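Please read the structure below before turning to the comments.
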Amino acid sequence: MELIEPEVTEQALSILRSLDNLQGHMITILALVVYVHSTEIKNRNWNGIAATMALYAVHWFVEVINAVIQHLSGHALWTVPDHTSFLIMVGVGIEISLMFSIAGLIASKALPDDPSQRLFGVNARVLVIVGYAALFSILEVPLEMSPHFAWVYPWWGAFPVFVTVYIPFFAAAVYAHDWPRPKQKRFIGGLFAIDALLILIFGPILGWI
């Protein structure tokens, strides 16, 4: 199958989980992420925490699948070939992952208090899901044009990302925000358990990712 930039796979694999590029700015980024989460916990914003943890759990599921695709086919759908302090998996550096750790919380701030509220005749929560999914998909376009990120296949771009990645991300965040606490715990805990199992199987056991 034709590839846009086949060399980016080799570039990404050459820095995978290497500490050679680790830089001091990561301390500041990590501190800010911890501050955000600590503030929400102190304010007992459990629904916001549920939203961001749900999105983060889906994020890791998607990244594992992308890494498995790379092993099975030779190329992932997207890669991070350079300009990251630490490449965790072939398609995600630590900076991107930390951003996703608060993305669900950011989206939850746009949710009206009334789950049934409508805007332009559409449920406001659906608009938040679609709007944030579209925004993040569009933001990937200039990112892909930089050395920081690469779409590997010509058919993989903003629209496939919108449908298969960002809609699930923000749908998980919005729905988890509104679920009763027991359902939030089951969904988030269950998905993180699946993530951990997949990482264990495809990582240390099989060595695929």
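The way I read the labels, and the way they are meant: chains A, B, ... in the order of the structure tokens, residue 1 as the first residue of every chain, and ligand 1 as the first ligand shown, with later ones counted on from there.
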
Produce a table with one row for each residue of region 137-206 of chain A that has an atom at most 12 Å from any atom of region 52-74 of chain A, each row naming the nearest atom pair and its distance in Å at one decimal; use only C-alpha atoms; arrange rows by chain and rising residue number; format as CSV.
```
residue,atom,partner,partner_atom,distance
A:Trp151,CA,A:Asn66,CA,11.6
A:Val152,CA,A:Gln70,CA,10.4
A:Tyr153,CA,A:Gln70,CA,11.8
A:Val161,CA,A:Val62,CA,11.0
A:Thr164,CA,A:Val62,CA,9.3
A:Val165,CA,A:Val62,CA,7.4
A:Tyr166,CA,A:His59,CA,9.1
A:Ile167,CA,A:Leu55,CA,10.3
A:Pro168,CA,A:Val58,CA,7.5
A:Phe169,CA,A:Leu55,CA,5.0
A:Phe170,CA,A:Leu55,CA,6.4
A:Ala171,CA,A:Leu55,CA,8.2
A:Ala172,CA,A:Ala54,CA,5.7
A:Ala173,CA,A:Leu55,CA,5.1
A:Val174,CA,A:Ala54,CA,8.8
A:Tyr175,CA,A:Ala54,CA,9.0
A:Ala176,CA,A:Ala54,CA,6.5
A:His177,CA,A:Thr52,CA,8.5
A:Asp178,CA,A:Ala54,CA,11.6
A:Trp179,CA,A:Ala54,CA,11.3
A:Lys183,CA,A:Ala54,CA,11.4
A:Gln184,CA,A:Ala54,CA,8.3
A:Lys185,CA,A:Ala54,CA,9.6
A:Arg186,CA,A:Ala54,CA,10.6
A:Phe187,CA,A:Ala54,CA,7.6
A:Ile188,CA,A:Ala54,CA,5.4
A:Gly189,CA,A:Ala57,CA,8.8
A:Gly190,CA,A:Ala57,CA,9.3
A:Leu191,CA,A:Ala57,CA,6.1
A:Phe192,CA,A:Ala57,CA,5.5
A:Ala193,CA,A:Ala57,CA,9.2
A:Ile194,CA,A:Phe61,CA,8.0
A:Asp195,CA,A:Phe61,CA,5.6
A:Ala196,CA,A:Phe61,CA,9.1
A:Leu197,CA,A:Phe61,CA,10.4
A:Leu198,CA,A:Val64,CA,7.3
A:Ile199,CA,A:Val64,CA,6.9
A:Leu200,CA,A:Val64,CA,10.6
A:Ile201,CA,A:Val64,CA,10.6
A:Phe202,CA,A:Val68,CA,7.5
A:Gly203,CA,A:Val64,CA,9.4
A:Leu206,CA,A:Val68,CA,10.6
```

Practice task
Write out as a count of residues only the residues lying within 6 Å of region 132-145 of chain A, counting only C-alpha atoms and excluding same-chain residues fewer than 4 positions away.
Solution key: 7

Exercise for the section: Step one, run DSSP on the backbone; step two, keep only residues of chain A assigned to strand (DSSP E); then write them as a list in words. Expected result: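 Selection result, strand (DSSP E) within chain A: Trp78, Thr79, Leu87, Ile88, Met89, Val92, Gly93, Arg118, Leu119, Val122, Asn123, Ala150 and Trp151 of chain A.
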
Suppose we keep C-alpha atoms; can you now write the selection as a compact mmCIF listing (two decimals), in the first residue's frame?
```txt
# COMPACT_ATOMS: atom_id res chain seq x y z
CA TRP A 78 0.18 7.95 12.70
CA THR A 79 3.62 8.38 14.20
CA LEU A 87 8.17 8.73 22.75
CA ILE A 88 5.95 6.40 24.76
CA MET A 89 4.53 4.47 21.82
CA VAL A 92 2.30 9.27 21.05
CA GLY A 93 4.91 11.39 22.78
CA ARG A 118 -30.61 22.23 23.23
CA LEU A 119 -28.86 24.70 20.95
CA VAL A 122 -29.61 19.91 18.81
CA ASN A 123 -28.73 18.58 22.25
CA ALA A 150 2.94 12.30 10.66
CA TRP A 151 -0.03 10.62 9.03
```

Practice task
Write out as a list of chain:residue names each polymer residue whose atoms come within 10 Å of Ile106 (chain A), counting only C-alpha atoms; drop sequence neighbours fewer than 3 positions from it.
Solution key: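 Once the nearby chain positions are removed, what remains is A:Gly48, A:Ala51, A:Thr52, A:Phe100, A:Ser101, A:Ile102, A:Ala103, A:Lys109, A:Ala110, A:Leu111, A:Tyr132, A:Ala173.
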
Selection above as a file: N, CA and C atoms, as a PDB file, in the first residue's frame:
```
ATOM      1  N   GLY A  48     -16.069  16.179  36.428  1.00  0.00           N
ATOM      2  CA  GLY A  48     -15.015  16.640  35.535  1.00  0.00           C
ATOM      3  C   GLY A  48     -13.838  15.670  35.508  1.00  0.00           C
ATOM      4  N   ALA A  51     -14.839  12.756  33.452  1.00  0.00           N
ATOM      5  CA  ALA A  51     -14.782  13.072  32.025  1.00  0.00           C
ATOM      6  C   ALA A  51     -13.367  12.956  31.492  1.00  0.00           C
ATOM      7  N   THR A  52     -12.412  13.519  32.221  1.00  0.00           N
ATOM      8  CA  THR A  52     -11.042  13.529  31.708  1.00  0.00           C
ATOM      9  C   THR A  52     -10.400  12.152  31.796  1.00  0.00           C
ATOM     10  N   PHE A 100      -3.779  15.104  26.476  1.00  0.00           N
ATOM     11  CA  PHE A 100      -5.017  14.327  26.505  1.00  0.00           C
ATOM     12  C   PHE A 100      -5.464  14.007  27.928  1.00  0.00           C
ATOM     13  N   SER A 101      -4.559  14.066  28.886  1.00  0.00           N
ATOM     14  CA  SER A 101      -4.941  13.786  30.271  1.00  0.00           C
ATOM     15  C   SER A 101      -5.826  14.876  30.852  1.00  0.00           C
ATOM     16  N   ILE A 102      -5.893  16.039  30.197  1.00  0.00           N
ATOM     17  CA  ILE A 102      -6.786  17.107  30.663  1.00  0.00           C
ATOM     18  C   ILE A 102      -7.812  17.507  29.605  1.00  0.00           C
ATOM     19  N   ALA A 103      -7.766  16.896  28.418  1.00  0.00           N
ATOM     20  CA  ALA A 103      -8.678  17.295  27.333  1.00  0.00           C
ATOM     21  C   ALA A 103     -10.137  17.055  27.698  1.00  0.00           C
ATOM     22  N   LYS A 109     -16.021  21.559  30.748  1.00  0.00           N
ATOM     23  CA  LYS A 109     -16.306  22.946  31.138  1.00  0.00           C
ATOM     24  C   LYS A 109     -17.308  23.599  30.195  1.00  0.00           C
ATOM     25  N   ALA A 110     -17.453  23.049  28.991  1.00  0.00           N
ATOM     26  CA  ALA A 110     -18.391  23.615  28.013  1.00  0.00           C
ATOM     27  C   ALA A 110     -19.792  23.035  28.151  1.00  0.00           C
ATOM     28  N   LEU A 111     -19.972  22.051  29.024  1.00  0.00           N
ATOM     29  CA  LEU A 111     -21.280  21.403  29.153  1.00  0.00           C
ATOM     30  C   LEU A 111     -22.226  22.244  29.993  1.00  0.00           C
ATOM     31  N   TYR A 132     -15.761  19.656  19.692  1.00  0.00           N
ATOM     32  CA  TYR A 132     -14.389  19.413  20.157  1.00  0.00           C
ATOM     33  C   TYR A 132     -13.686  18.390  19.282  1.00  0.00           C
ATOM     34  N   ALA A 173     -15.896  11.211  27.252  1.00  0.00           N
ATOM     35  CA  ALA A 173     -15.797  12.266  28.263  1.00  0.00           C
ATOM     36  C   ALA A 173     -17.162  12.807  28.649  1.00  0.00           C
TER      37      ALA A 173
END
```

Practice task
Enumerate, as a PyMOL selection string, the complete set of residues in region 3-209 of chain A that a backbone-based DSSP assignment places in alpha helix (DSSP H).
Solution key: chain A and resi 7-15+25-42+46-73+94-108+124-144+158-161+167-178+181-200

Practice task
Pick out the closest residue to Ser14 (chain A) from this set: A:Ile27, A:Val80, A:Ile41, A:Val33. Count only C-alpha atoms.
Solution key: A:Val80

Handout entry: Residue among A:Leu32, A:Leu19, A:Ala107, A:Leu77 lying closest to Pro154 (chain A), counting only C-alpha atoms
Key =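 Using only C-alpha atoms, Pro154 (chain A) sits closest to A:Leu77.
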
Fill in the blank from the handout: The residue from A:Asn47, A:Ser85, A:Ser116, A:Ser97 with the smallest atom-to-atom distance to Asn21 (chain A), counting only C-alpha atoms, is A:Ser85

Problem - Nearest to Trp46 (chain A), chosen from A:Gly207, A:Pro147, A:Pro182, A:Gly91, with only C-alpha atoms counted in the distances - result: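 Ranked by minimum distance to Trp46 (chain A), first place goes to A:Pro182.
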
Exercise for the section: For CA of Asn45 (chain A) and CA of Arg125 (chain A), determine how far apart the two atoms are, in Å to one decimal place. Expected result: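 Result for CA of Asn45 (chain A) versus CA of Arg125 (chain A): 18.2 Å, one decimal.
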
Practice task
To one decimal in Å, tell me the separation between CA of Glu10 (chain A) and CA of Met99 (chain A).
Solution key: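 That distance, rounded to one decimal, is 24.9 Å.
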